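Reviewing the structure listed below.
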Amino acid sequence: MNVYDTVNKLANEIKESDEYKNFKEARKNINLNNDYKEKISEFEKLRYEEQINSIQSGKSDENKIKQIQSLYEELLNIEQIKQYFDAELKFNILLGDVNKIISDAVQDVIS
């Protein structure tokens, strides 16, 4: 079997995973509610801006971090958004695990 066949099989298996299906469903539900969609978008924008700022300046903006944490806590009180974040996290863990396994397998030639 060649690598591309294996990768395509892996891609299909990921799409069949509970993590993928649950995240896809949670995302669909969020997209049906413009208010929730906007709240998540605002949260992700603030988080992204802080990440960029932290990388560029080498330090975190404590006020921005508090604002992000406060918004996150507020969002977790909305069950549909909490389910979305949980499903997103589980899916990202799956992808991270797959990436780590592949990276570990070729570590001897990439380091």
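Just so we're on the same page: first chain in the structure tokens is A, next is B, and so on; residues restart at 1 for each chain, and ligands are numbered from 1 in the order they show up.
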
Give me the residues within 12 Å of range 71-77 of chain A as a PDB file with all heavy atoms, in the first residue's frame, counting only C-alpha atoms and dropping any in the same chain fewer than 3 places off.
```pdb
ATOM      1  N   ASP A  35     -26.401  34.604  17.300  1.00  0.00           N
ATOM      2  CA  ASP A  35     -25.894  35.180  18.546  1.00  0.00           C
ATOM      3  C   ASP A  35     -24.737  34.342  19.094  1.00  0.00           C
ATOM      4  O   ASP A  35     -23.690  34.882  19.460  1.00  0.00           O
ATOM      5  CB  ASP A  35     -27.016  35.284  19.580  1.00  0.00           C
ATOM      6  CG  ASP A  35     -26.582  36.014  20.843  1.00  0.00           C
ATOM      7  OD1 ASP A  35     -25.888  37.044  20.732  1.00  0.00           O
ATOM      8  OD2 ASP A  35     -26.932  35.527  21.940  1.00  0.00           O
ATOM      9  N   TYR A  36     -24.918  33.031  19.127  1.00  0.00           N
ATOM     10  CA  TYR A  36     -23.861  32.135  19.610  1.00  0.00           C
ATOM     11  C   TYR A  36     -22.644  32.191  18.693  1.00  0.00           C
ATOM     12  O   TYR A  36     -21.505  32.211  19.146  1.00  0.00           O
ATOM     13  CB  TYR A  36     -24.356  30.697  19.697  1.00  0.00           C
ATOM     14  CG  TYR A  36     -25.399  30.443  20.759  1.00  0.00           C
ATOM     15  CD1 TYR A  36     -26.041  29.225  20.834  1.00  0.00           C
ATOM     16  CD2 TYR A  36     -25.761  31.416  21.698  1.00  0.00           C
ATOM     17  CE1 TYR A  36     -27.007  28.962  21.803  1.00  0.00           C
ATOM     18  CE2 TYR A  36     -26.716  31.164  22.661  1.00  0.00           C
ATOM     19  CZ  TYR A  36     -27.343  29.941  22.712  1.00  0.00           C
ATOM     20  OH  TYR A  36     -28.281  29.686  23.666  1.00  0.00           O
ATOM     21  N   LYS A  37     -22.921  32.213  17.407  1.00  0.00           N
ATOM     22  CA  LYS A  37     -21.845  32.260  16.419  1.00  0.00           C
ATOM     23  C   LYS A  37     -21.007  33.531  16.604  1.00  0.00           C
ATOM     24  O   LYS A  37     -19.773  33.479  16.573  1.00  0.00           O
ATOM     25  CB  LYS A  37     -22.450  32.210  15.015  1.00  0.00           C
ATOM     26  CG  LYS A  37     -21.463  32.065  13.908  1.00  0.00           C
ATOM     27  CD  LYS A  37     -22.205  31.919  12.581  1.00  0.00           C
ATOM     28  CE  LYS A  37     -21.248  31.947  11.421  1.00  0.00           C
ATOM     29  NZ  LYS A  37     -21.918  31.828  10.139  1.00  0.00           N
ATOM     30  N   GLU A  38     -21.668  34.650  16.816  1.00  0.00           N
ATOM     31  CA  GLU A  38     -20.967  35.924  17.024  1.00  0.00           C
ATOM     32  C   GLU A  38     -20.177  35.920  18.330  1.00  0.00           C
ATOM     33  O   GLU A  38     -19.055  36.429  18.384  1.00  0.00           O
ATOM     34  CB  GLU A  38     -21.961  37.088  17.006  1.00  0.00           C
ATOM     35  CG  GLU A  38     -22.474  37.410  15.624  1.00  0.00           C
ATOM     36  CD  GLU A  38     -23.536  38.507  15.633  1.00  0.00           C
ATOM     37  OE1 GLU A  38     -23.597  39.301  16.608  1.00  0.00           O
ATOM     38  OE2 GLU A  38     -24.313  38.561  14.662  1.00  0.00           O
ATOM     39  N   LYS A  39     -20.747  35.351  19.387  1.00  0.00           N
ATOM     40  CA  LYS A  39     -20.042  35.284  20.675  1.00  0.00           C
ATOM     41  C   LYS A  39     -18.769  34.454  20.566  1.00  0.00           C
ATOM     42  O   LYS A  39     -17.721  34.837  21.081  1.00  0.00           O
ATOM     43  CB  LYS A  39     -20.963  34.715  21.765  1.00  0.00           C
ATOM     44  CG  LYS A  39     -22.048  35.650  22.240  1.00  0.00           C
ATOM     45  CD  LYS A  39     -22.925  34.971  23.278  1.00  0.00           C
ATOM     46  CE  LYS A  39     -24.085  35.816  23.695  1.00  0.00           C
ATOM     47  NZ  LYS A  39     -23.734  36.959  24.516  1.00  0.00           N
ATOM     48  N   ILE A  40     -18.860  33.330  19.895  1.00  0.00           N
ATOM     49  CA  ILE A  40     -17.680  32.482  19.711  1.00  0.00           C
ATOM     50  C   ILE A  40     -16.654  33.188  18.832  1.00  0.00           C
ATOM     51  O   ILE A  40     -15.456  33.151  19.114  1.00  0.00           O
ATOM     52  CB  ILE A  40     -18.073  31.108  19.129  1.00  0.00           C
ATOM     53  CG1 ILE A  40     -18.833  30.318  20.187  1.00  0.00           C
ATOM     54  CG2 ILE A  40     -16.853  30.342  18.641  1.00  0.00           C
ATOM     55  CD1 ILE A  40     -19.444  29.033  19.689  1.00  0.00           C
ATOM     56  N   SER A  41     -17.124  33.843  17.802  1.00  0.00           N
ATOM     57  CA  SER A  41     -16.227  34.579  16.916  1.00  0.00           C
ATOM     58  C   SER A  41     -15.488  35.678  17.673  1.00  0.00           C
ATOM     59  O   SER A  41     -14.276  35.857  17.501  1.00  0.00           O
ATOM     60  CB  SER A  41     -17.027  35.171  15.753  1.00  0.00           C
ATOM     61  OG  SER A  41     -16.187  35.871  14.890  1.00  0.00           O
ATOM     62  N   GLU A  42     -16.202  36.392  18.529  1.00  0.00           N
ATOM     63  CA  GLU A  42     -15.582  37.439  19.344  1.00  0.00           C
ATOM     64  C   GLU A  42     -14.524  36.835  20.274  1.00  0.00           C
ATOM     65  O   GLU A  42     -13.416  37.360  20.404  1.00  0.00           O
ATOM     66  CB  GLU A  42     -16.650  38.164  20.165  1.00  0.00           C
ATOM     67  CG  GLU A  42     -16.087  39.194  21.118  1.00  0.00           C
ATOM     68  CD  GLU A  42     -17.133  39.774  22.071  1.00  0.00           C
ATOM     69  OE1 GLU A  42     -18.340  39.500  21.903  1.00  0.00           O
ATOM     70  OE2 GLU A  42     -16.722  40.505  22.994  1.00  0.00           O
ATOM     71  N   PHE A  43     -14.873  35.730  20.910  1.00  0.00           N
ATOM     72  CA  PHE A  43     -13.940  35.056  21.806  1.00  0.00           C
ATOM     73  C   PHE A  43     -12.682  34.615  21.053  1.00  0.00           C
ATOM     74  O   PHE A  43     -11.558  34.850  21.507  1.00  0.00           O
ATOM     75  CB  PHE A  43     -14.619  33.844  22.458  1.00  0.00           C
ATOM     76  CG  PHE A  43     -13.685  32.963  23.214  1.00  0.00           C
ATOM     77  CD1 PHE A  43     -13.173  33.349  24.439  1.00  0.00           C
ATOM     78  CD2 PHE A  43     -13.279  31.750  22.678  1.00  0.00           C
ATOM     79  CE1 PHE A  43     -12.282  32.542  25.137  1.00  0.00           C
ATOM     80  CE2 PHE A  43     -12.396  30.927  23.362  1.00  0.00           C
ATOM     81  CZ  PHE A  43     -11.899  31.332  24.592  1.00  0.00           C
ATOM     82  N   GLU A  44     -12.871  33.975  19.911  1.00  0.00           N
ATOM     83  CA  GLU A  44     -11.729  33.489  19.140  1.00  0.00           C
ATOM     84  C   GLU A  44     -10.863  34.638  18.629  1.00  0.00           C
ATOM     85  O   GLU A  44      -9.636  34.523  18.584  1.00  0.00           O
ATOM     86  CB  GLU A  44     -12.206  32.597  17.997  1.00  0.00           C
ATOM     87  CG  GLU A  44     -12.742  31.272  18.519  1.00  0.00           C
ATOM     88  CD  GLU A  44     -13.358  30.381  17.449  1.00  0.00           C
ATOM     89  OE1 GLU A  44     -13.633  30.860  16.325  1.00  0.00           O
ATOM     90  OE2 GLU A  44     -13.576  29.198  17.756  1.00  0.00           O
ATOM     91  N   LYS A  45     -11.497  35.754  18.271  1.00  0.00           N
ATOM     92  CA  LYS A  45     -10.744  36.928  17.811  1.00  0.00           C
ATOM     93  C   LYS A  45      -9.878  37.486  18.946  1.00  0.00           C
ATOM     94  O   LYS A  45      -8.693  37.780  18.749  1.00  0.00           O
ATOM     95  CB  LYS A  45     -11.706  38.004  17.303  1.00  0.00           C
ATOM     96  CG  LYS A  45     -11.025  39.248  16.795  1.00  0.00           C
ATOM     97  CD  LYS A  45     -12.041  40.268  16.297  1.00  0.00           C
ATOM     98  CE  LYS A  45     -11.315  41.517  15.874  1.00  0.00           C
ATOM     99  NZ  LYS A  45     -11.921  42.721  16.365  1.00  0.00           N
ATOM    100  N   LEU A  46     -10.463  37.632  20.119  1.00  0.00           N
ATOM    101  CA  LEU A  46      -9.704  38.132  21.273  1.00  0.00           C
ATOM    102  C   LEU A  46      -8.550  37.193  21.622  1.00  0.00           C
ATOM    103  O   LEU A  46      -7.432  37.637  21.891  1.00  0.00           O
ATOM    104  CB  LEU A  46     -10.620  38.290  22.490  1.00  0.00           C
ATOM    105  CG  LEU A  46     -11.591  39.446  22.488  1.00  0.00           C
ATOM    106  CD1 LEU A  46     -12.555  39.335  23.661  1.00  0.00           C
ATOM    107  CD2 LEU A  46     -10.845  40.767  22.533  1.00  0.00           C
ATOM    108  N   ARG A  47      -8.817  35.908  21.606  1.00  0.00           N
ATOM    109  CA  ARG A  47      -7.789  34.921  21.929  1.00  0.00           C
ATOM    110  C   ARG A  47      -6.657  34.961  20.904  1.00  0.00           C
ATOM    111  O   ARG A  47      -5.484  34.934  21.269  1.00  0.00           O
ATOM    112  CB  ARG A  47      -8.423  33.532  21.995  1.00  0.00           C
ATOM    113  CG  ARG A  47      -7.483  32.444  22.463  1.00  0.00           C
ATOM    114  CD  ARG A  47      -8.184  31.156  22.714  1.00  0.00           C
ATOM    115  NE  ARG A  47      -8.888  30.692  21.520  1.00  0.00           N
ATOM    116  CZ  ARG A  47      -9.486  29.522  21.426  1.00  0.00           C
ATOM    117  NH1 ARG A  47      -9.523  28.714  22.463  1.00  0.00           N
ATOM    118  NH2 ARG A  47     -10.081  29.150  20.323  1.00  0.00           N
ATOM    119  N   LYS A  64      -6.205  41.819  28.863  1.00  0.00           N
ATOM    120  CA  LYS A  64      -6.799  41.076  27.750  1.00  0.00           C
ATOM    121  C   LYS A  64      -7.058  39.625  28.172  1.00  0.00           C
ATOM    122  O   LYS A  64      -8.105  39.064  27.859  1.00  0.00           O
ATOM    123  CB  LYS A  64      -5.880  41.129  26.533  1.00  0.00           C
ATOM    124  CG  LYS A  64      -6.391  40.420  25.311  1.00  0.00           C
ATOM    125  CD  LYS A  64      -7.409  41.200  24.536  1.00  0.00           C
ATOM    126  CE  LYS A  64      -6.689  42.127  23.598  1.00  0.00           C
ATOM    127  NZ  LYS A  64      -7.535  42.750  22.623  1.00  0.00           N
ATOM    128  N   ILE A  65      -6.135  39.052  28.913  1.00  0.00           N
ATOM    129  CA  ILE A  65      -6.310  37.672  29.385  1.00  0.00           C
ATOM    130  C   ILE A  65      -7.516  37.578  30.314  1.00  0.00           C
ATOM    131  O   ILE A  65      -8.319  36.652  30.217  1.00  0.00           O
ATOM    132  CB  ILE A  65      -5.020  37.153  30.052  1.00  0.00           C
ATOM    133  CG1 ILE A  65      -3.955  36.921  28.989  1.00  0.00           C
ATOM    134  CG2 ILE A  65      -5.284  35.870  30.838  1.00  0.00           C
ATOM    135  CD1 ILE A  65      -2.601  36.532  29.507  1.00  0.00           C
ATOM    136  N   LYS A  66      -7.674  38.543  31.213  1.00  0.00           N
ATOM    137  CA  LYS A  66      -8.840  38.551  32.098  1.00  0.00           C
ATOM    138  C   LYS A  66     -10.133  38.692  31.302  1.00  0.00           C
ATOM    139  O   LYS A  66     -11.141  38.045  31.621  1.00  0.00           O
ATOM    140  CB  LYS A  66      -8.715  39.680  33.122  1.00  0.00           C
ATOM    141  CG  LYS A  66      -7.702  39.393  34.199  1.00  0.00           C
ATOM    142  CD  LYS A  66      -7.597  40.532  35.180  1.00  0.00           C
ATOM    143  CE  LYS A  66      -6.500  40.239  36.198  1.00  0.00           C
ATOM    144  NZ  LYS A  66      -6.276  41.341  37.112  1.00  0.00           N
ATOM    145  N   GLN A  67     -10.106  39.523  30.273  1.00  0.00           N
ATOM    146  CA  GLN A  67     -11.271  39.711  29.419  1.00  0.00           C
ATOM    147  C   GLN A  67     -11.620  38.401  28.700  1.00  0.00           C
ATOM    148  O   GLN A  67     -12.788  38.005  28.638  1.00  0.00           O
ATOM    149  CB  GLN A  67     -10.997  40.821  28.402  1.00  0.00           C
ATOM    150  CG  GLN A  67     -12.151  41.148  27.497  1.00  0.00           C
ATOM    151  CD  GLN A  67     -11.797  42.219  26.468  1.00  0.00           C
ATOM    152  OE1 GLN A  67     -10.642  42.623  26.323  1.00  0.00           O
ATOM    153  NE2 GLN A  67     -12.799  42.664  25.743  1.00  0.00           N
ATOM    154  N   ILE A  68     -10.605  37.716  28.201  1.00  0.00           N
ATOM    155  CA  ILE A  68     -10.808  36.438  27.505  1.00  0.00           C
ATOM    156  C   ILE A  68     -11.355  35.397  28.475  1.00  0.00           C
ATOM    157  O   ILE A  68     -12.308  34.674  28.156  1.00  0.00           O
ATOM    158  CB  ILE A  68      -9.488  35.967  26.852  1.00  0.00           C
ATOM    159  CG1 ILE A  68      -9.105  36.908  25.707  1.00  0.00           C
ATOM    160  CG2 ILE A  68      -9.603  34.527  26.357  1.00  0.00           C
ATOM    161  CD1 ILE A  68      -7.675  36.734  25.210  1.00  0.00           C
ATOM    162  N   GLN A  80     -25.165  24.919  24.750  1.00  0.00           N
ATOM    163  CA  GLN A  80     -24.817  24.620  23.362  1.00  0.00           C
ATOM    164  C   GLN A  80     -23.370  25.036  23.052  1.00  0.00           C
ATOM    165  O   GLN A  80     -22.663  24.323  22.338  1.00  0.00           O
ATOM    166  CB  GLN A  80     -25.770  25.345  22.415  1.00  0.00           C
ATOM    167  CG  GLN A  80     -26.181  24.515  21.252  1.00  0.00           C
ATOM    168  CD  GLN A  80     -27.276  25.186  20.440  1.00  0.00           C
ATOM    169  OE1 GLN A  80     -27.782  26.262  20.778  1.00  0.00           O
ATOM    170  NE2 GLN A  80     -27.647  24.552  19.362  1.00  0.00           N
ATOM    171  N   ILE A  81     -22.937  26.149  23.596  1.00  0.00           N
ATOM    172  CA  ILE A  81     -21.563  26.614  23.372  1.00  0.00           C
ATOM    173  C   ILE A  81     -20.587  25.729  24.133  1.00  0.00           C
ATOM    174  O   ILE A  81     -19.523  25.386  23.626  1.00  0.00           O
ATOM    175  CB  ILE A  81     -21.408  28.106  23.742  1.00  0.00           C
ATOM    176  CG1 ILE A  81     -22.219  28.952  22.753  1.00  0.00           C
ATOM    177  CG2 ILE A  81     -19.944  28.516  23.749  1.00  0.00           C
ATOM    178  CD1 ILE A  81     -22.210  30.446  23.036  1.00  0.00           C
ATOM    179  N   LYS A  82     -20.956  25.329  25.337  1.00  0.00           N
ATOM    180  CA  LYS A  82     -20.103  24.420  26.104  1.00  0.00           C
ATOM    181  C   LYS A  82     -19.913  23.111  25.339  1.00  0.00           C
ATOM    182  O   LYS A  82     -18.799  22.595  25.241  1.00  0.00           O
ATOM    183  CB  LYS A  82     -20.702  24.145  27.480  1.00  0.00           C
ATOM    184  CG  LYS A  82     -19.845  23.242  28.357  1.00  0.00           C
ATOM    185  CD  LYS A  82     -20.528  22.956  29.677  1.00  0.00           C
ATOM    186  CE  LYS A  82     -19.719  22.085  30.590  1.00  0.00           C
ATOM    187  NZ  LYS A  82     -19.163  20.883  29.994  1.00  0.00           N
ATOM    188  N   GLN A  83     -20.970  22.587  24.768  1.00  0.00           N
ATOM    189  CA  GLN A  83     -20.879  21.362  23.977  1.00  0.00           C
ATOM    190  C   GLN A  83     -19.969  21.569  22.766  1.00  0.00           C
ATOM    191  O   GLN A  83     -19.186  20.682  22.412  1.00  0.00           O
ATOM    192  CB  GLN A  83     -22.266  20.910  23.522  1.00  0.00           C
ATOM    193  CG  GLN A  83     -23.115  20.372  24.642  1.00  0.00           C
ATOM    194  CD  GLN A  83     -24.543  20.085  24.219  1.00  0.00           C
ATOM    195  OE1 GLN A  83     -24.943  20.351  23.088  1.00  0.00           O
ATOM    196  NE2 GLN A  83     -25.322  19.537  25.142  1.00  0.00           N
ATOM    197  N   TYR A  84     -20.081  22.743  22.150  1.00  0.00           N
ATOM    198  CA  TYR A  84     -19.223  23.061  21.006  1.00  0.00           C
ATOM    199  C   TYR A  84     -17.752  23.066  21.419  1.00  0.00           C
ATOM    200  O   TYR A  84     -16.912  22.450  20.761  1.00  0.00           O
ATOM    201  CB  TYR A  84     -19.629  24.425  20.419  1.00  0.00           C
ATOM    202  CG  TYR A  84     -18.670  24.942  19.388  1.00  0.00           C
ATOM    203  CD1 TYR A  84     -18.745  24.511  18.069  1.00  0.00           C
ATOM    204  CD2 TYR A  84     -17.686  25.863  19.723  1.00  0.00           C
ATOM    205  CE1 TYR A  84     -17.856  24.981  17.113  1.00  0.00           C
ATOM    206  CE2 TYR A  84     -16.798  26.341  18.779  1.00  0.00           C
ATOM    207  CZ  TYR A  84     -16.886  25.901  17.471  1.00  0.00           C
ATOM    208  OH  TYR A  84     -16.002  26.367  16.526  1.00  0.00           O
ATOM    209  N   PHE A  85     -17.443  23.768  22.515  1.00  0.00           N
ATOM    210  CA  PHE A  85     -16.053  23.834  22.984  1.00  0.00           C
ATOM    211  C   PHE A  85     -15.533  22.444  23.361  1.00  0.00           C
ATOM    212  O   PHE A  85     -14.392  22.096  23.062  1.00  0.00           O
ATOM    213  CB  PHE A  85     -15.910  24.784  24.172  1.00  0.00           C
ATOM    214  CG  PHE A  85     -15.915  26.249  23.810  1.00  0.00           C
ATOM    215  CD1 PHE A  85     -16.445  27.175  24.684  1.00  0.00           C
ATOM    216  CD2 PHE A  85     -15.368  26.712  22.626  1.00  0.00           C
ATOM    217  CE1 PHE A  85     -16.434  28.536  24.378  1.00  0.00           C
ATOM    218  CE2 PHE A  85     -15.355  28.061  22.311  1.00  0.00           C
ATOM    219  CZ  PHE A  85     -15.889  28.974  23.180  1.00  0.00           C
ATOM    220  N   ASP A  86     -16.359  21.651  24.022  1.00  0.00           N
ATOM    221  CA  ASP A  86     -15.954  20.292  24.397  1.00  0.00           C
ATOM    222  C   ASP A  86     -15.673  19.441  23.157  1.00  0.00           C
ATOM    223  O   ASP A  86     -14.662  18.728  23.102  1.00  0.00           O
ATOM    224  CB  ASP A  86     -17.027  19.611  25.251  1.00  0.00           C
ATOM    225  CG  ASP A  86     -17.145  20.187  26.650  1.00  0.00           C
ATOM    226  OD1 ASP A  86     -16.238  20.920  27.085  1.00  0.00           O
ATOM    227  OD2 ASP A  86     -18.169  19.888  27.311  1.00  0.00           O
TER     228      ASP A  86
END
```

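CA of Tyr48 in chain A is positioned 24.1 Å from CA of Asn22 in chain A.
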